[in-house]
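Chemist: First the structure, which I've put down as structure tokens, then a few questions once you've had a look.
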Amino acid sequence: MAVTTAPVAAASVARPPSYYVRQRLLRNAPAMLGLGFIVLCTLVALLGYWVLPDNSPNANNGLVQLQKEAPGFRATVLRLALPDSARAGGSNFLRTWWEGQAPQVQEVPIGGYRFQGDSLLTTPYQNHSALADQPQAYPLSAVTGHAGPAAALRQEIEQDHIVPRTYWLGTDKAGRDELSRLLLGTRVSLGIGLVAVLISVALGMLIGAVAGYVGGWVDSLLLGLMTVVWSIPGIMLVIAISLALDSKGVWTSFVAVGLTMWVDVARVVRGQMLSLREKTFVEAGRVLGLPQSRLIARHLLPNMIGPLIVLATSNFAAAILLEAGLSFLGLGVQPPAPSWGLMVNEGFQLLGTAAGFWLTLLPGLAISLLVLSFNLLGNGLRDAYDPKTPLS
């Protein structure tokens with residue numbers, strides 16, 4: 001008698017919750033687009049001066065003859081060798097990555113050129129908003145920085161010292177390359193967002209955890225502090241902190257913005273702590289004699305990772321907007337550092353001119369895209385951490 005056996009159903013594979021969080025996030029197209037743009041901006045910020053058309057410090061190499069030009073215009077630049085006494089000394093890799101490369105040549109826009117004997121004759125570049133320079137004559141050896149046969153010097157000048165240049169996004173009122181300053185501005189925006197998130201999360205977790213777990217008069221006191229700080233406009237707090245630190249600059253703005261954004265984190269952590277402290281696993285920890293600091297750090301705070309990550313992305317976007325507003329008002333990053341808010345202010349002062357539109361639109365668009373990317377990523381993370389959200 002034949003015995004038939006029914007197929008054994010394959011047991012479902014047990015997966016950790018993080019697997020489903022990743023799957024939900026990866027299937028969220030807007031969130032992944034936002035994450036892609038953030039990763040791109042991060043790469044630009046990390047590469048810094050190595051990917052900029054103008055790698056001078058702060059991308060601040062301006063040519064007054066090329067000021068306020070529209071995107072896509074081309075110019076011919078004569079590169080004059082500087083004497084040895086005027087050249088900058090050597091710098092290491094880290095210094096060049098952070099500060100840029102000091103200019104080793106002097107650049108002069110020209111309208112045309114011709115050789116005459118042992119001299120290079122140049123015609124001035126005519127700009128719509130600047131007076132043209134007078135025609136100039138340069139000895140061939142002064143252009144190259146060394147002596148030699150005239151024929152060899154002429155060939156070297158045409159190959160290495162007379163170069164065409166395209167300003168893809170135009171120039172600002174000082175003749176600086178707008179593309180270089182726009183790309184370098186990602187460092188300020190991402191840097192201030194990162195520092196603000198780190199400070200706000202660390203401070204907010206500490207205050208919120210103590211308030212929610214201890215309770216009593218400690219909770220009332222810290223909740224009152226949150227309420228007072230919550231009622232003060234962020235810009236006013238940043239101004240007060242900057243005055244208290246008695247300095248202006250990139251790092252002062254970073255710290256000041258970070259110290260104004262911890263209340264959101266503290267309120268979320270406090271609310272989560274109030275609901276978690278009565279759970280069974282917390283009671284078991286108390287019975288076992290675990291210290292309160294270990295209960296909070298090892299057992300309670302890890303259960304809040306999801307809401308904290310979502311809140312961190314929101315704070316990142318808010319910090320970028322706050323820094324841009326402060327720089328626009330002249331209270332944030334100071335010139336000549338390239339900040340998107342400062343660049344919007346410079347373009348705003350030129351509204352009504354042909355260049356003012358581009359100088360205002362481009363940094364404003366960069367701010368909007370980066371903030372939108374963080375908001376899309378935050379929405380995706382919120383859905384990903386929601387167990388009710390379907391995977392399909």
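Numbering starts fresh at 1 for the residues of each chain in the structure tokens, the chains themselves are lettered A, B, ... in the order given, and ligands are numbered from 1 as they appear.
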So that I can see what lies close to range 328-338 of chain A, please list as a PyMOL selection string the residues with an atom at most 9 Å from it, counting only C-alpha atoms and leaving out residues fewer than 3 positions away in the same chain.
Modeler: chain A and resi 57-60+181-188+238-239+242+248-254+323-325+341-346
Chemist: Pull the strand (DSSP E) assignments for range 118-285 of chain A out of DSSP run on the backbone, and list those residues as an mmCIF file with C-alpha atoms, in the first residue's frame.
Modeler:
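Heads up, here's the output in states23.cif:
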```cif
data_model
loop_
_atom_site.group_PDB
_atom_site.id
_atom_site.type_symbol
_atom_site.label_atom_id
_atom_site.label_comp_id
_atom_site.auth_asym_id
_atom_site.auth_seq_id
_atom_site.Cartn_x
_atom_site.Cartn_y
_atom_site.Cartn_z
ATOM 1 C CA SER A 119 56.807 90.569 -25.939
ATOM 2 C CA LEU A 120 53.183 89.497 -25.642
ATOM 3 C CA LEU A 121 50.719 92.253 -26.566
ATOM 4 C CA THR A 122 47.209 91.878 -25.149
ATOM 5 C CA THR A 123 44.017 93.770 -25.894
ATOM 6 C CA PRO A 124 41.769 94.506 -22.899
ATOM 7 C CA GLN A 136 49.391 95.729 -22.064
ATOM 8 C CA ALA A 137 52.761 94.426 -23.189
ATOM 9 C CA TYR A 138 54.406 91.608 -21.227
ATOM 10 C CA PRO A 139 57.924 90.250 -21.714
ATOM 11 C CA ILE A 162 46.436 81.546 -22.359
ATOM 12 C CA VAL A 163 43.477 79.404 -21.386
ATOM 13 C CA PRO A 164 39.767 79.576 -22.277
ATOM 14 C CA ARG A 165 37.434 79.424 -19.316
ATOM 15 C CA THR A 166 33.709 78.777 -19.131
ATOM 16 C CA TYR A 167 31.697 80.070 -16.173
#
```
Chemist: Residues of range 89-204 of chain A that have any atom at most 10 Å from an atom of range 67-70 of chain A: could you tabulate them with the shortest-distance atom pair and the distance in Å to one decimal, using only C-alpha atoms, ordered by chain and increasing number, as a tab-separated table?
Modeler:
```
residue	atom	partner	partner_atom	distance
A:Asn127	CA	A:Gln67	CA	8.0
A:His128	CA	A:Glu69	CA	8.6
A:Ser129	CA	A:Gln67	CA	7.3
A:Ala130	CA	A:Gln67	CA	7.9
A:Tyr167	CA	A:Ala70	CA	8.3
A:Trp168	CA	A:Ala70	CA	8.6
A:Leu169	CA	A:Ala70	CA	7.0
A:Gly170	CA	A:Ala70	CA	4.7
A:Thr171	CA	A:Lys68	CA	5.2
A:Asp172	CA	A:Lys68	CA	4.9
A:Lys173	CA	A:Gln67	CA	5.0
A:Ala174	CA	A:Gln67	CA	5.4
A:Gly175	CA	A:Gln67	CA	3.7
A:Arg176	CA	A:Gln67	CA	7.2
A:Asp177	CA	A:Gln67	CA	9.2
A:Glu178	CA	A:Lys68	CA	9.7
```
Chemist: Given only C-alpha atoms as the basis, pick out the residue of A:Ile110, A:Leu237, A:Ala266, A:Cys41 nearest to Ile207 in chain A.
Modeler: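 Distance minimum relative to Ile207 in chain A lands on A:Ala266.
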Chemist: For the atom pair CA of Asn92 in chain A and CA of Gly191 in chain A, what is the interatomic distance in Å to one decimal place?
Modeler: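 Separating CA of Asn92 in chain A from CA of Gly191 in chain A is a distance of 22.4 Å.
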Chemist: Just list as number ranges by chain whatever in range 56-274 of chain A DSSP marks as alpha helix (DSSP H).
Modeler: A: 93-99, 140-144, 150-156, 178-214, 216-231, 234-245, 250-258, 262-274
Chemist: Might you pull out every residue within 10 Å of Leu370 in chain A, with only C-alpha atoms counted and same-chain residues fewer than 4 positions away left off, and present them as number ranges by chain?
Modeler: A: 34-35, 37-38, 41, 186, 189-190, 316-317, 320-321, 365-366, 374-376
Chemist: Produce a file of the selected residues containing N, CA, C and O atoms, as a PDB file, in the first residue's frame.
Modeler:
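And here is the file that came out, out-v7.pdb:
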```
ATOM      1  N   GLY A  34      15.485  61.763  -2.349  1.00  0.00           N
ATOM      2  CA  GLY A  34      16.043  62.704  -1.380  1.00  0.00           C
ATOM      3  C   GLY A  34      17.370  62.222  -0.829  1.00  0.00           C
ATOM      4  O   GLY A  34      18.323  63.002  -0.698  1.00  0.00           O
ATOM      5  N   LEU A  35      17.451  60.930  -0.506  1.00  0.00           N
ATOM      6  CA  LEU A  35      18.700  60.370   0.010  1.00  0.00           C
ATOM      7  C   LEU A  35      19.808  60.462  -1.029  1.00  0.00           C
ATOM      8  O   LEU A  35      20.964  60.760  -0.694  1.00  0.00           O
ATOM      9  N   PHE A  37      20.182  62.740  -3.399  1.00  0.00           N
ATOM     10  CA  PHE A  37      20.669  64.128  -3.489  1.00  0.00           C
ATOM     11  C   PHE A  37      21.515  64.479  -2.272  1.00  0.00           C
ATOM     12  O   PHE A  37      22.519  65.196  -2.388  1.00  0.00           O
ATOM     13  N   ILE A  38      21.131  63.986  -1.091  1.00  0.00           N
ATOM     14  CA  ILE A  38      21.922  64.249   0.120  1.00  0.00           C
ATOM     15  C   ILE A  38      23.293  63.603   0.005  1.00  0.00           C
ATOM     16  O   ILE A  38      24.318  64.208   0.371  1.00  0.00           O
ATOM     17  N   CYS A  41      25.427  65.718  -2.348  1.00  0.00           N
ATOM     18  CA  CYS A  41      25.920  66.926  -1.678  1.00  0.00           C
ATOM     19  C   CYS A  41      27.013  66.593  -0.669  1.00  0.00           C
ATOM     20  O   CYS A  41      27.978  67.353  -0.511  1.00  0.00           O
ATOM     21  N   THR A 186      27.928  73.872   0.101  1.00  0.00           N
ATOM     22  CA  THR A 186      27.360  72.660   0.686  1.00  0.00           C
ATOM     23  C   THR A 186      28.051  72.306   2.000  1.00  0.00           C
ATOM     24  O   THR A 186      27.447  71.704   2.882  1.00  0.00           O
ATOM     25  N   SER A 189      26.235  74.364   4.762  1.00  0.00           N
ATOM     26  CA  SER A 189      24.874  73.908   5.033  1.00  0.00           C
ATOM     27  C   SER A 189      24.860  72.529   5.693  1.00  0.00           C
ATOM     28  O   SER A 189      24.179  72.318   6.709  1.00  0.00           O
ATOM     29  N   LEU A 190      25.613  71.581   5.135  1.00  0.00           N
ATOM     30  CA  LEU A 190      25.646  70.248   5.730  1.00  0.00           C
ATOM     31  C   LEU A 190      26.381  70.253   7.065  1.00  0.00           C
ATOM     32  O   LEU A 190      26.005  69.529   7.990  1.00  0.00           O
ATOM     33  N   PHE A 316      17.681  68.617  10.807  1.00  0.00           N
ATOM     34  CA  PHE A 316      18.711  68.898   9.812  1.00  0.00           C
ATOM     35  C   PHE A 316      18.201  69.944   8.819  1.00  0.00           C
ATOM     36  O   PHE A 316      18.889  70.929   8.509  1.00  0.00           O
ATOM     37  N   ALA A 317      16.990  69.719   8.304  1.00  0.00           N
ATOM     38  CA  ALA A 317      16.403  70.671   7.355  1.00  0.00           C
ATOM     39  C   ALA A 317      16.147  72.019   8.012  1.00  0.00           C
ATOM     40  O   ALA A 317      16.413  73.072   7.409  1.00  0.00           O
ATOM     41  N   ILE A 320      19.375  74.027   8.357  1.00  0.00           N
ATOM     42  CA  ILE A 320      19.833  74.621   7.093  1.00  0.00           C
ATOM     43  C   ILE A 320      19.051  75.896   6.800  1.00  0.00           C
ATOM     44  O   ILE A 320      19.624  76.921   6.402  1.00  0.00           O
ATOM     45  N   LEU A 321      17.736  75.856   6.995  1.00  0.00           N
ATOM     46  CA  LEU A 321      16.920  77.051   6.767  1.00  0.00           C
ATOM     47  C   LEU A 321      17.275  78.166   7.740  1.00  0.00           C
ATOM     48  O   LEU A 321      17.348  79.343   7.359  1.00  0.00           O
ATOM     49  N   LEU A 365      17.584  78.038  -4.980  1.00  0.00           N
ATOM     50  CA  LEU A 365      17.184  76.718  -5.456  1.00  0.00           C
ATOM     51  C   LEU A 365      17.972  75.620  -4.749  1.00  0.00           C
ATOM     52  O   LEU A 365      17.424  74.553  -4.428  1.00  0.00           O
ATOM     53  N   ALA A 366      19.254  75.866  -4.485  1.00  0.00           N
ATOM     54  CA  ALA A 366      20.070  74.867  -3.774  1.00  0.00           C
ATOM     55  C   ALA A 366      19.544  74.649  -2.359  1.00  0.00           C
ATOM     56  O   ALA A 366      19.452  73.502  -1.891  1.00  0.00           O
ATOM     57  N   PHE A 374      15.816  66.418   2.628  1.00  0.00           N
ATOM     58  CA  PHE A 374      15.750  65.964   4.016  1.00  0.00           C
ATOM     59  C   PHE A 374      14.304  65.729   4.448  1.00  0.00           C
ATOM     60  O   PHE A 374      14.024  64.782   5.206  1.00  0.00           O
ATOM     61  N   ASN A 375      13.383  66.557   3.986  1.00  0.00           N
ATOM     62  CA  ASN A 375      11.977  66.348   4.337  1.00  0.00           C
ATOM     63  C   ASN A 375      11.430  65.067   3.711  1.00  0.00           C
ATOM     64  O   ASN A 375      10.679  64.317   4.354  1.00  0.00           O
ATOM     65  N   LEU A 376      11.801  64.797   2.456  1.00  0.00           N
ATOM     66  CA  LEU A 376      11.372  63.546   1.814  1.00  0.00           C
ATOM     67  C   LEU A 376      11.958  62.337   2.531  1.00  0.00           C
ATOM     68  O   LEU A 376      11.271  61.331   2.740  1.00  0.00           O
TER      69      LEU A 376
END
```
Chemist: Tell me, in Å to one decimal, how far CA of Ile232 in chain A is from CA of Thr313 in chain A.
Modeler: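 Answer for the CA of Ile232 in chain A to CA of Thr313 in chain A separation: 22.1 Å.
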Chemist: Find the spatial neighbours of Leu377 in chain A, counting only C-alpha atoms, within a cut-off of 10 Å - ignore same-chain residues fewer than 3 positions away - and output them as a PDB file with N, CA and C atoms, in the first residue's frame.
Modeler:
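Wrote out_4.pdb, looks like this:
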```
ATOM      1  N   LEU A  25      11.828  51.499   3.335  1.00  0.00           N
ATOM      2  CA  LEU A  25      12.537  52.708   2.907  1.00  0.00           C
ATOM      3  C   LEU A  25      13.013  52.577   1.461  1.00  0.00           C
ATOM      4  N   ASN A  28      10.380  53.260  -1.133  1.00  0.00           N
ATOM      5  CA  ASN A  28       9.816  54.608  -1.128  1.00  0.00           C
ATOM      6  C   ASN A  28      10.632  55.472  -2.086  1.00  0.00           C
ATOM      7  N   ALA A  29      10.121  55.673  -3.303  1.00  0.00           N
ATOM      8  CA  ALA A  29      10.881  56.377  -4.344  1.00  0.00           C
ATOM      9  C   ALA A  29      11.232  57.815  -3.959  1.00  0.00           C
ATOM     10  N   PRO A  30      10.284  58.636  -3.437  1.00  0.00           N
ATOM     11  CA  PRO A  30      10.662  60.007  -3.055  1.00  0.00           C
ATOM     12  C   PRO A  30      11.756  60.051  -1.992  1.00  0.00           C
ATOM     13  N   ALA A  31      11.678  59.152  -1.004  1.00  0.00           N
ATOM     14  CA  ALA A  31      12.707  59.135   0.038  1.00  0.00           C
ATOM     15  C   ALA A  31      14.067  58.778  -0.531  1.00  0.00           C
ATOM     16  N   MET A  32      14.108  57.836  -1.466  1.00  0.00           N
ATOM     17  CA  MET A  32      15.379  57.451  -2.061  1.00  0.00           C
ATOM     18  C   MET A  32      15.944  58.552  -2.947  1.00  0.00           C
ATOM     19  N   LEU A  33      15.065  59.309  -3.627  1.00  0.00           N
ATOM     20  CA  LEU A  33      15.542  60.461  -4.394  1.00  0.00           C
ATOM     21  C   LEU A  33      16.159  61.507  -3.475  1.00  0.00           C
ATOM     22  N   GLY A  34      15.485  61.763  -2.349  1.00  0.00           N
ATOM     23  CA  GLY A  34      16.043  62.704  -1.380  1.00  0.00           C
ATOM     24  C   GLY A  34      17.370  62.222  -0.829  1.00  0.00           C
ATOM     25  N   LEU A  35      17.451  60.930  -0.506  1.00  0.00           N
ATOM     26  CA  LEU A  35      18.700  60.370   0.010  1.00  0.00           C
ATOM     27  C   LEU A  35      19.808  60.462  -1.029  1.00  0.00           C
ATOM     28  N   GLY A  36      19.480  60.228  -2.295  1.00  0.00           N
ATOM     29  CA  GLY A  36      20.485  60.328  -3.349  1.00  0.00           C
ATOM     30  C   GLY A  36      21.054  61.724  -3.472  1.00  0.00           C
ATOM     31  N   ILE A  38      21.131  63.986  -1.091  1.00  0.00           N
ATOM     32  CA  ILE A  38      21.922  64.249   0.120  1.00  0.00           C
ATOM     33  C   ILE A  38      23.293  63.603   0.005  1.00  0.00           C
ATOM     34  N   VAL A 310      13.898  60.094  12.737  1.00  0.00           N
ATOM     35  CA  VAL A 310      12.964  60.933  11.981  1.00  0.00           C
ATOM     36  C   VAL A 310      13.087  62.392  12.409  1.00  0.00           C
ATOM     37  N   THR A 313      16.317  64.128  11.015  1.00  0.00           N
ATOM     38  CA  THR A 313      16.230  64.613   9.636  1.00  0.00           C
ATOM     39  C   THR A 313      15.443  65.914   9.564  1.00  0.00           C
ATOM     40  N   SER A 314      14.395  66.023  10.375  1.00  0.00           N
ATOM     41  CA  SER A 314      13.628  67.267  10.404  1.00  0.00           C
ATOM     42  C   SER A 314      14.475  68.416  10.940  1.00  0.00           C
ATOM     43  N   VAL A 371      16.753  71.118   1.490  1.00  0.00           N
ATOM     44  CA  VAL A 371      15.735  71.009   2.535  1.00  0.00           C
ATOM     45  C   VAL A 371      14.637  70.032   2.115  1.00  0.00           C
ATOM     46  N   LEU A 372      14.216  70.102   0.848  1.00  0.00           N
ATOM     47  CA  LEU A 372      13.206  69.166   0.349  1.00  0.00           C
ATOM     48  C   LEU A 372      13.704  67.725   0.450  1.00  0.00           C
ATOM     49  N   SER A 373      14.976  67.503   0.156  1.00  0.00           N
ATOM     50  CA  SER A 373      15.530  66.145   0.226  1.00  0.00           C
ATOM     51  C   SER A 373      15.467  65.602   1.644  1.00  0.00           C
ATOM     52  N   PHE A 374      15.816  66.418   2.628  1.00  0.00           N
ATOM     53  CA  PHE A 374      15.750  65.964   4.016  1.00  0.00           C
ATOM     54  C   PHE A 374      14.304  65.729   4.448  1.00  0.00           C
ATOM     55  N   GLY A 380       9.932  59.400   4.523  1.00  0.00           N
ATOM     56  CA  GLY A 380      10.154  57.996   4.241  1.00  0.00           C
ATOM     57  C   GLY A 380      10.554  57.206   5.477  1.00  0.00           C
ATOM     58  N   LEU A 381      11.398  57.790   6.325  1.00  0.00           N
ATOM     59  CA  LEU A 381      11.791  57.112   7.558  1.00  0.00           C
ATOM     60  C   LEU A 381      10.607  56.951   8.508  1.00  0.00           C
ATOM     61  N   ARG A 382       9.755  57.967   8.559  1.00  0.00           N
ATOM     62  CA  ARG A 382       8.567  57.866   9.416  1.00  0.00           C
ATOM     63  C   ARG A 382       7.686  56.708   8.968  1.00  0.00           C
ATOM     64  N   ASP A 383       7.469  56.562   7.652  1.00  0.00           N
ATOM     65  CA  ASP A 383       6.671  55.446   7.149  1.00  0.00           C
ATOM     66  C   ASP A 383       7.391  54.111   7.339  1.00  0.00           C
TER      67      ASP A 383
END
```
Chemist: Using CA of Asp386 in chain A and CA of Leu311 in chain A as the two end points, give the distance in Å to one decimal.
Modeler: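 Going from CA of Asp386 in chain A over to CA of Leu311 in chain A covers 14.3 Å.
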